[in-house]
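For reference, the structure is listed below as structure tokens.
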Amino acid sequence: MLVRRGPRPAVGQVVAERPAGGGTWPAPPVRAGARTSGVRGRDWLIKRVAALPGDPVPRDRVRSLAAAPERRVPPGKVVLLGDNGRVSFDSRDVGYFPLDRVLGTVVTRSPRGSSS
């Protein structure tokens, strides 16, 4: 998978996000200037951005945010949804994800079965 690091993602883009383990993040976010060695050996979630800081909270699509007290997504947070909602672990389950855990925007992925 090729991921472009850099500017903040846009709603609708697919991103690589560092998942939490047991409710906490096991490692710090990847630094902006980190090389490949800082990315390898980590697990990544691939999700679509549903809402960014300042966007309305998508209560109708995200059950875990239905009772959120804020009207807008808070600073430093992002709402991520998997394309297959029946089996996806995403904001429907845990609410907001930290925006600083987004590695970048997915540009392309290797064909299935590729060894690269």
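Just remember, in the structure tokens the first chain shown is A, the second B, etc., residues are 1-based per chain, and ligands are 1-based in the order shown.
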
Determine, for each residue of region 84-104 of chain A having at least one atom at most 10 Å from an atom of region 57-65 of chain A, the closest pair of atoms and their separation in Å to one decimal, counting only C-alpha atoms; order by chain and ascending number, as JSON lines.
{"residue": "A:Asp90", "atom": "CA", "partner": "A:Val62", "partner_atom": "CA", "distance": 9.2}
{"residue": "A:Ser91", "atom": "CA", "partner": "A:Val62", "partner_atom": "CA", "distance": 6.6}
{"residue": "A:Arg92", "atom": "CA", "partner": "A:Val62", "partner_atom": "CA", "distance": 4.7}
{"residue": "A:Asp93", "atom": "CA", "partner": "A:Ser64", "partner_atom": "CA", "distance": 6.0}
{"residue": "A:Val94", "atom": "CA", "partner": "A:Ser64", "partner_atom": "CA", "distance": 6.4}
{"residue": "A:Gly95", "atom": "CA", "partner": "A:Ser64", "partner_atom": "CA", "distance": 5.3}
{"residue": "A:Tyr96", "atom": "CA", "partner": "A:Leu65", "partner_atom": "CA", "distance": 8.2}

Just want the 8 Å neighbourhood of Pro9 (chain A), counted on only C-alpha atoms, with same-chain residues fewer than 6 positions away dropped. Output as a PDB file with N, CA, C and O atoms, in the first residue's frame.
ATOM      1  N   VAL A  15      -7.699   6.495   4.550  1.00  0.00           N
ATOM      2  CA  VAL A  15      -6.471   6.767   5.293  1.00  0.00           C
ATOM      3  C   VAL A  15      -5.992   5.524   6.023  1.00  0.00           C
ATOM      4  O   VAL A  15      -6.753   4.579   6.244  1.00  0.00           O
ATOM      5  N   VAL A  49     -12.494   8.587   5.815  1.00  0.00           N
ATOM      6  CA  VAL A  49     -12.781   9.740   6.670  1.00  0.00           C
ATOM      7  C   VAL A  49     -14.246  10.150   6.481  1.00  0.00           C
ATOM      8  O   VAL A  49     -14.680  10.428   5.366  1.00  0.00           O
ATOM      9  N   GLY A 104      -1.516   8.814   6.919  1.00  0.00           N
ATOM     10  CA  GLY A 104      -1.649   9.558   5.670  1.00  0.00           C
ATOM     11  C   GLY A 104      -2.778   9.014   4.827  1.00  0.00           C
ATOM     12  O   GLY A 104      -3.532   8.138   5.248  1.00  0.00           O
ATOM     13  N   THR A 105      -2.887   9.530   3.625  1.00  0.00           N
ATOM     14  CA  THR A 105      -3.937   9.159   2.686  1.00  0.00           C
ATOM     15  C   THR A 105      -3.458   8.022   1.790  1.00  0.00           C
ATOM     16  O   THR A 105      -2.364   8.083   1.236  1.00  0.00           O
TER      17      THR A 105
END

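Distances to Phe97 (chain A) were evaluated for A:Gly82, A:Pro7, A:Gly76, A:Gly54 using only C-alpha atoms, and the minimum falls at A:Gly76.
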
Determine the nearest neighbour of Arg18 (chain A) from the options A:Leu45, A:Val107, A:Val79, A:Ala51, counting only C-alpha atoms.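 Smallest separation from Arg18 (chain A) among the options: A:Leu45.
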
Using only C-alpha atoms, which protein or nucleic acid residues come within 10 Å of Asp83 (chain A)? Drop anything in the same chain fewer than 2 positions from it, and give the result as a VMD selection string. chain A and resid 14 46 to 48 80 to 81 85 to 88 90

With all heavy atoms retained, write the just-selected residues as a PDB file, in the first residue's frame.
ATOM      1  N   VAL A  14      -9.527   7.746   1.854  1.00  0.00           N
ATOM      2  CA  VAL A  14      -9.161   6.562   2.617  1.00  0.00           C
ATOM      3  C   VAL A  14      -7.803   6.820   3.252  1.00  0.00           C
ATOM      4  O   VAL A  14      -6.893   7.320   2.589  1.00  0.00           O
ATOM      5  CB  VAL A  14      -9.119   5.315   1.705  1.00  0.00           C
ATOM      6  CG1 VAL A  14      -8.657   4.082   2.471  1.00  0.00           C
ATOM      7  CG2 VAL A  14     -10.491   5.071   1.078  1.00  0.00           C
ATOM      8  N   ILE A  46      -7.310   0.612   7.817  1.00  0.00           N
ATOM      9  CA  ILE A  46      -7.565   1.359   6.592  1.00  0.00           C
ATOM     10  C   ILE A  46      -9.042   1.745   6.623  1.00  0.00           C
ATOM     11  O   ILE A  46      -9.920   0.872   6.577  1.00  0.00           O
ATOM     12  CB  ILE A  46      -7.237   0.509   5.336  1.00  0.00           C
ATOM     13  CG1 ILE A  46      -5.823  -0.055   5.423  1.00  0.00           C
ATOM     14  CG2 ILE A  46      -7.453   1.329   4.077  1.00  0.00           C
ATOM     15  CD1 ILE A  46      -4.728   0.974   5.580  1.00  0.00           C
ATOM     16  N   LYS A  47      -9.317   3.025   6.721  1.00  0.00           N
ATOM     17  CA  LYS A  47     -10.683   3.529   6.908  1.00  0.00           C
ATOM     18  C   LYS A  47     -10.919   4.768   6.059  1.00  0.00           C
ATOM     19  O   LYS A  47      -9.996   5.437   5.631  1.00  0.00           O
ATOM     20  CB  LYS A  47     -10.936   3.896   8.380  1.00  0.00           C
ATOM     21  CG  LYS A  47     -10.705   2.765   9.345  1.00  0.00           C
ATOM     22  CD  LYS A  47     -11.680   1.638   9.143  1.00  0.00           C
ATOM     23  CE  LYS A  47     -11.319   0.449  10.003  1.00  0.00           C
ATOM     24  NZ  LYS A  47     -12.033  -0.746   9.634  1.00  0.00           N
ATOM     25  N   ARG A  48     -12.195   5.079   5.873  1.00  0.00           N
ATOM     26  CA  ARG A  48     -12.595   6.267   5.122  1.00  0.00           C
ATOM     27  C   ARG A  48     -12.948   7.385   6.103  1.00  0.00           C
ATOM     28  O   ARG A  48     -13.618   7.149   7.107  1.00  0.00           O
ATOM     29  CB  ARG A  48     -13.788   5.930   4.236  1.00  0.00           C
ATOM     30  CG  ARG A  48     -14.116   6.978   3.205  1.00  0.00           C
ATOM     31  CD  ARG A  48     -15.190   6.488   2.236  1.00  0.00           C
ATOM     32  NE  ARG A  48     -14.797   5.294   1.520  1.00  0.00           N
ATOM     33  CZ  ARG A  48     -14.017   5.240   0.435  1.00  0.00           C
ATOM     34  NH1 ARG A  48     -13.521   6.369  -0.037  1.00  0.00           N
ATOM     35  NH2 ARG A  48     -13.741   4.098  -0.162  1.00  0.00           N
ATOM     36  N   LEU A  80     -13.864   7.990  11.576  1.00  0.00           N
ATOM     37  CA  LEU A  80     -13.447   7.064  10.530  1.00  0.00           C
ATOM     38  C   LEU A  80     -14.443   5.920  10.428  1.00  0.00           C
ATOM     39  O   LEU A  80     -14.863   5.361  11.446  1.00  0.00           O
ATOM     40  CB  LEU A  80     -12.064   6.484  10.846  1.00  0.00           C
ATOM     41  CG  LEU A  80     -10.933   7.495  10.984  1.00  0.00           C
ATOM     42  CD1 LEU A  80      -9.654   6.790  11.423  1.00  0.00           C
ATOM     43  CD2 LEU A  80     -10.710   8.236   9.673  1.00  0.00           C
ATOM     44  N   LEU A  81     -14.808   5.565   9.193  1.00  0.00           N
ATOM     45  CA  LEU A  81     -15.741   4.469   8.958  1.00  0.00           C
ATOM     46  C   LEU A  81     -15.160   3.502   7.940  1.00  0.00           C
ATOM     47  O   LEU A  81     -14.580   3.926   6.940  1.00  0.00           O
ATOM     48  CB  LEU A  81     -17.081   4.999   8.442  1.00  0.00           C
ATOM     49  CG  LEU A  81     -17.834   5.942   9.375  1.00  0.00           C
ATOM     50  CD1 LEU A  81     -19.101   6.449   8.698  1.00  0.00           C
ATOM     51  CD2 LEU A  81     -18.154   5.264  10.697  1.00  0.00           C
ATOM     52  N   GLY A  85     -19.561  -1.855   6.966  1.00  0.00           N
ATOM     53  CA  GLY A  85     -19.969  -1.508   8.321  1.00  0.00           C
ATOM     54  C   GLY A  85     -20.376  -2.673   9.198  1.00  0.00           C
ATOM     55  O   GLY A  85     -20.298  -2.589  10.415  1.00  0.00           O
ATOM     56  N   ARG A  86     -20.799  -3.775   8.610  1.00  0.00           N
ATOM     57  CA  ARG A  86     -21.229  -4.917   9.427  1.00  0.00           C
ATOM     58  C   ARG A  86     -20.076  -5.572  10.170  1.00  0.00           C
ATOM     59  O   ARG A  86     -20.280  -6.162  11.210  1.00  0.00           O
ATOM     60  CB  ARG A  86     -21.947  -5.957   8.564  1.00  0.00           C
ATOM     61  CG  ARG A  86     -23.262  -5.434   7.985  1.00  0.00           C
ATOM     62  CD  ARG A  86     -23.959  -6.482   7.206  1.00  0.00           C
ATOM     63  NE  ARG A  86     -23.024  -7.020   6.193  1.00  0.00           N
ATOM     64  CZ  ARG A  86     -23.259  -8.063   5.441  1.00  0.00           C
ATOM     65  NH1 ARG A  86     -24.385  -8.711   5.550  1.00  0.00           N
ATOM     66  NH2 ARG A  86     -22.368  -8.467   4.554  1.00  0.00           N
ATOM     67  N   VAL A  87     -18.866  -5.481   9.632  1.00  0.00           N
ATOM     68  CA  VAL A  87     -17.728  -6.153  10.261  1.00  0.00           C
ATOM     69  C   VAL A  87     -16.568  -5.211  10.564  1.00  0.00           C
ATOM     70  O   VAL A  87     -15.542  -5.641  11.069  1.00  0.00           O
ATOM     71  CB  VAL A  87     -17.220  -7.331   9.388  1.00  0.00           C
ATOM     72  CG1 VAL A  87     -18.293  -8.381   9.239  1.00  0.00           C
ATOM     73  CG2 VAL A  87     -16.740  -6.838   8.041  1.00  0.00           C
ATOM     74  N   SER A  88     -16.717  -3.960  10.281  1.00  0.00           N
ATOM     75  CA  SER A  88     -15.616  -3.013  10.444  1.00  0.00           C
ATOM     76  C   SER A  88     -15.502  -2.530  11.884  1.00  0.00           C
ATOM     77  O   SER A  88     -16.493  -2.231  12.536  1.00  0.00           O
ATOM     78  CB  SER A  88     -15.843  -1.816   9.520  1.00  0.00           C
ATOM     79  OG  SER A  88     -14.779  -0.913   9.616  1.00  0.00           O
ATOM     80  N   ASP A  90     -14.511   0.575  13.776  1.00  0.00           N
ATOM     81  CA  ASP A  90     -14.326   1.971  13.400  1.00  0.00           C
ATOM     82  C   ASP A  90     -15.028   2.885  14.390  1.00  0.00           C
ATOM     83  O   ASP A  90     -15.325   2.465  15.509  1.00  0.00           O
ATOM     84  CB  ASP A  90     -14.798   2.195  11.959  1.00  0.00           C
ATOM     85  CG  ASP A  90     -16.248   1.782  11.715  1.00  0.00           C
ATOM     86  OD1 ASP A  90     -17.063   1.801  12.673  1.00  0.00           O
ATOM     87  OD2 ASP A  90     -16.577   1.445  10.570  1.00  0.00           O
TER      88      ASP A  90
END

Looking at only C-alpha atoms, which of A:Val78, A:Leu103, A:Ala66, A:Leu52 is the one that sits closest to Val3 (chain A)?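 Distance minimum relative to Val3 (chain A) lands on A:Leu103.
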
One decimal, Å: what's the distance from CA of Val102 (chain A) over to CA of Ala16 (chain A), could you say?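 These two atoms are separated by 5.8 Å.
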